[in-house]
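**Q** Would you mind keeping the following structure in view while I ask a few things?
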2 protein chains.
Amino acid sequence: MRDGGLVAIDWGTSNFRAYLLDAEGRVRDSATTGDGILQVEGGDFERVLLSHCGGWLATYPEAPVLLSGMIGSRQGWHEVPYCQCPAGPAEIAQALVLRRTKQGRALCFVPGLSVASEDGGRDVMRGEETQILGAIEPGDGERRLICLPGTHSKWVEVEGGRVSRFSTFMTGEVYGALVKHTILGRLMDGEAEDADAFAKGLALADRQGGFLNHLFRVRTAGLFGELPGQSLAAFLSGIAIGHELAGAFAEYRPSSVLLIGSEALSRRYVQALARRGIAAATAPSDAAARGLYRLARARGGVR
Amino acid sequence: MRDGGLVAIDWGTSNFRAYLLDAEGRVRDSATTGDGILQVEGGDFERVLLSHCGGWLATYPEAPVLLSGMIGSRQGWHEVPYCQCPAGPAEIAQALVLRRTKQGRALCFVPGLSVASEDGGRDVMRGEETQILGAIEPGDGERRLICLPGTHSKWVEVEGGRVSRFSTFMTGEVYGALVKHTILGRLMDGEAEDADAFAKGLALADRQGGFLNHLFRVRTAGLFGELPGQSLAAFLSGIAIGHELAGAFAEYRPSSVLLIGSEALSRRYVQALARRGIAAATAPSDAAARGLYRLARARGGVR
């Protein structure tokens, strides 16, 4: 690789993903570790960066370094203000914040996005904006609906190449807390995949009663042996994802959805969307690297 | 007190409440401790019973002993099958299960209730059925809607003096898990009462998006300083109780509600119900003792 590339880092709460890109945006090398920001002892982020990317930084002293994700939050290395929606590559690149390492290397932190709702409340994301930019084609001006399932699932509307609005659903984190810290976990025997039990949960979510009522059905399904212990987690997952979809559909009325997420989780969402007659495409797994490359170009930092 | 009374025990997951009643159902003595069934070491329930009620049992050797609540569950002293709805004093008294202590004293365990929903799922209660019998007047044949807020809130329809159907909402347990085991607790500073923040949560619950989306507003309200850390728990409580009410109202369409619960929690529900224009009455705190007395009489066990 000649000089003129990019060191692109997607640094979240639980994971550290680094990519060495060439001037055309091709991935030349990468590193993925569990050094999420909450795992970094004493907040010594520079040490972690150098331990994983020190070689790249030494070999390509002119390559810009861009970092996205929770590394730019209050709990991260440097808190970067949110960029207001609507926001696309130009607005986000404009809001990049420069900081230098102790050794003097320039680092560009990507801002997260915030959006205000009609009732005055707000929603935020950090990191997903970069994956989104990497998942849509430059020049695509159509209205797109994107779902990033996970701990805090995001449903995002993109129009004219810019994020116009979005909503967060605490699906993954609530699911985890229910399994680990409530009575619902007691009768569970692992968290195996079970498409039928998952579908049963999706169907229940469409009925009246609401989330807090439907949850208790995981308890009684176990008590009365309607489902075996191995299938209760999939049933709960269906209830949770079903409620997420109901909320997101009321807000966004999608005709198709682009999924950005892990393969296992995306498979569940594809099933849940198909049940509603909605086609889903999945984004490539290196969307964050692509997004950071687009931002670096928008900033004029990649020659 | 002459003989002919009753030893009435409401023994739940977290608490042990015992009452010595005379033949007319008046409370002559009582004991409340934290010896819930999950706190009893080695499952030695007889030891706990004797340590709190041994004196009463010795003094009134002919008094029936009735026990309701989770003591009759799989995790309790003796598992009692659920009684199917519709069920009133006659059906429940008929299903009492007799067991003797090692010393030979007869104990009558009260069954819980179960109900089947249209889609084949089930719901259950243990202990609440007894409180309900104690809270409604004998001979009252009107349709009543009763709410027992708590860890697992119950909404119960009573017709002709019998429980016709009911729904469980995991409101209290989910609230606790969210505060203790998710990111929502991080920005909280205690769990003070704040009627305005609570009302804000109730109002949010009526908007679209759904429970999993609304939860994240507790996070952003803290992040952007829309609410102080002391008020975030009340905001979350409003969201949770608001969603419970939305689900219960869709199912039961109440015109008035009888609340059976702690004073602090009942106050929140009175506020939430008033917002929907619904009047709420509150039941006396010894409803369980009254219910056990009614069951003993229905069984013919109190002279």
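Residue names in the structure tokens use chain letters A, B, ... in the order shown, residue numbers from 1 in each chain, and ligand numbers from 1 in the order shown.
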Write down as an NGL selection string the residues of range 62-289 of chain A whose backbone DSSP state falls under strand (DSSP E).
**A** :A and (65-68 or 83-84 or 97-100 or 106-109 or 113-116 or 122-125 or 144-148 or 153-159 or 162-169 or 256-259 or 279-282)
**Q** For Gly139 in chain B, work out the shell of residues within 12 Å, counting only C-alpha atoms and skipping chain neighbours fewer than 4 positions away, then give it as a list in words.
**A**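 Residues near the query, excluding close chain neighbours: Gly88, Pro89, Leu133, Glu159, Gly160, Gly161, Arg162 and Arg294 of chain B.
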**Q** Now that the selection is made, can you save its residues with N, CA, C and O atoms as a tab-separated table (two decimals), in the first residue's frame?
**A**
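As a result, out-v7.tsv now contains:
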chain	number	residue	atom	x	y	z
B	88	GLY	N	-65.08	-18.38	42.94
B	88	GLY	CA	-65.43	-17.53	44.09
B	88	GLY	C	-65.18	-18.28	45.38
B	88	GLY	O	-64.50	-19.32	45.37
B	89	PRO	N	-65.69	-17.79	46.50
B	89	PRO	CA	-65.43	-18.42	47.80
B	89	PRO	C	-65.77	-19.91	47.81
B	89	PRO	O	-65.01	-20.71	48.35
B	133	LEU	N	-61.07	-11.66	47.75
B	133	LEU	CA	-62.25	-12.10	48.51
B	133	LEU	C	-62.45	-11.25	49.76
B	133	LEU	O	-63.58	-11.01	50.18
B	159	GLU	N	-67.18	-10.82	38.86
B	159	GLU	CA	-68.60	-10.74	38.51
B	159	GLU	C	-69.36	-11.78	39.31
B	159	GLU	O	-68.93	-12.93	39.40
B	160	GLY	N	-70.49	-11.35	39.88
B	160	GLY	CA	-71.30	-12.28	40.68
B	160	GLY	C	-70.50	-12.83	41.86
B	160	GLY	O	-70.69	-13.96	42.29
B	161	GLY	N	-69.56	-12.02	42.37
B	161	GLY	CA	-68.78	-12.44	43.54
B	161	GLY	C	-67.67	-13.42	43.21
B	161	GLY	O	-66.99	-13.90	44.12
B	162	ARG	N	-67.47	-13.72	41.91
B	162	ARG	CA	-66.41	-14.66	41.54
B	162	ARG	C	-65.42	-13.99	40.59
B	162	ARG	O	-65.78	-13.13	39.78
B	294	ARG	N	-63.28	-15.45	55.21
B	294	ARG	CA	-64.42	-15.84	54.35
B	294	ARG	C	-64.27	-17.29	53.87
B	294	ARG	O	-65.25	-18.03	53.79
**Q** Please provide the set of residues having any atom within 10 Å of His152 in chain A, restricted to only C-alpha atoms, with same-chain residues fewer than 5 positions apart removed, written as a ChimeraX atom specification.
**A** /A:125,167-174 /B:212-213,216
**Q** List the neighbours of range 243-251 of chain A out to 7 Å using only C-alpha atoms; skip same-chain residues closer than 4 positions along the sequence, and give me the result as a PyMOL selection string.
**A** (chain A and resi 155+169+171+205+211+239) or (chain B and resi 208-210+212)
**Q** If we count only C-alpha atoms and set the cut-off at 10 Å, which residues sit around Gln39 in chain A, ignoring sequence neighbours fewer than 5 positions away in its own chain? Please answer as an MDAnalysis selection string.
**A** chainID A and resid 13:15 34
**Q** Since we have the selection now, will you write its residues out, keeping all heavy atoms, as a PDB file, in the first residue's frame?
**A**
ATOM      1  N   THR A  13     -18.977   0.195  22.994  1.00  0.00           N
ATOM      2  CA  THR A  13     -19.015  -0.142  24.410  1.00  0.00           C
ATOM      3  C   THR A  13     -18.339  -1.480  24.683  1.00  0.00           C
ATOM      4  O   THR A  13     -17.609  -1.626  25.660  1.00  0.00           O
ATOM      5  CB  THR A  13     -20.481  -0.189  24.884  1.00  0.00           C
ATOM      6  OG1 THR A  13     -21.081   1.069  24.573  1.00  0.00           O
ATOM      7  CG2 THR A  13     -20.578  -0.429  26.364  1.00  0.00           C
ATOM      8  N   SER A  14     -18.554  -2.441  23.791  1.00  0.00           N
ATOM      9  CA  SER A  14     -18.077  -3.802  24.053  1.00  0.00           C
ATOM     10  C   SER A  14     -16.957  -4.262  23.127  1.00  0.00           C
ATOM     11  O   SER A  14     -16.292  -5.249  23.417  1.00  0.00           O
ATOM     12  CB  SER A  14     -19.232  -4.806  23.917  1.00  0.00           C
ATOM     13  OG  SER A  14     -20.367  -4.348  24.585  1.00  0.00           O
ATOM     14  N   ASN A  15     -16.766  -3.590  21.985  1.00  0.00           N
ATOM     15  CA  ASN A  15     -15.779  -4.061  21.019  1.00  0.00           C
ATOM     16  C   ASN A  15     -14.930  -2.938  20.449  1.00  0.00           C
ATOM     17  O   ASN A  15     -15.347  -1.777  20.406  1.00  0.00           O
ATOM     18  CB  ASN A  15     -16.489  -4.791  19.848  1.00  0.00           C
ATOM     19  CG  ASN A  15     -17.082  -6.110  20.289  1.00  0.00           C
ATOM     20  OD1 ASN A  15     -16.365  -7.044  20.625  1.00  0.00           O
ATOM     21  ND2 ASN A  15     -18.403  -6.170  20.332  1.00  0.00           N
ATOM     22  N   GLY A  34     -12.030  -7.423  22.097  1.00  0.00           N
ATOM     23  CA  GLY A  34     -13.077  -7.126  23.068  1.00  0.00           C
ATOM     24  C   GLY A  34     -12.771  -5.900  23.921  1.00  0.00           C
ATOM     25  O   GLY A  34     -13.415  -5.694  24.949  1.00  0.00           O
TER      26      GLY A  34
END
**Q** Given only C-alpha atoms as the basis, pick out the residue of B:Val115, B:Val48, B:Ala240, B:Val110 nearest to Leu202 in chain B.
**A**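 Between B:Val115, B:Val48, B:Ala240, B:Val110, the residue approaching Leu202 in chain B most closely is B:Ala240.
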**Q** Quick one: residues within 9 Å of Gly134 in chain B, only C-alpha atoms, excluding same-chain residues fewer than 6 positions away - as a list of chain:residue names?
**A**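 Near neighbours after the sequence-gap exclusion: B:Ala283, B:Pro284, B:Asp286, B:Ala287, B:Ala288, B:Ala289, B:Arg290, B:Gly291, B:Leu292, B:Tyr293, B:Arg294.
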**Q** Given the choices A:Ala234, A:Ala280, A:Val179, A:Leu265, which gets closest to chain B if the distance is worked out from only C-alpha atoms?
**A**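 Checking each of A:Ala234, A:Ala280, A:Val179, A:Leu265 against chain B, counting only C-alpha atoms, the winner is A:Val179.
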**Q** Report the distance between CA of Ile260 in chain A and CA of Leu96 in chain A in Å, rounded to one decimal place.
**A**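 CA of Leu96 in chain A lies 23.2 Å from CA of Ile260 in chain A.
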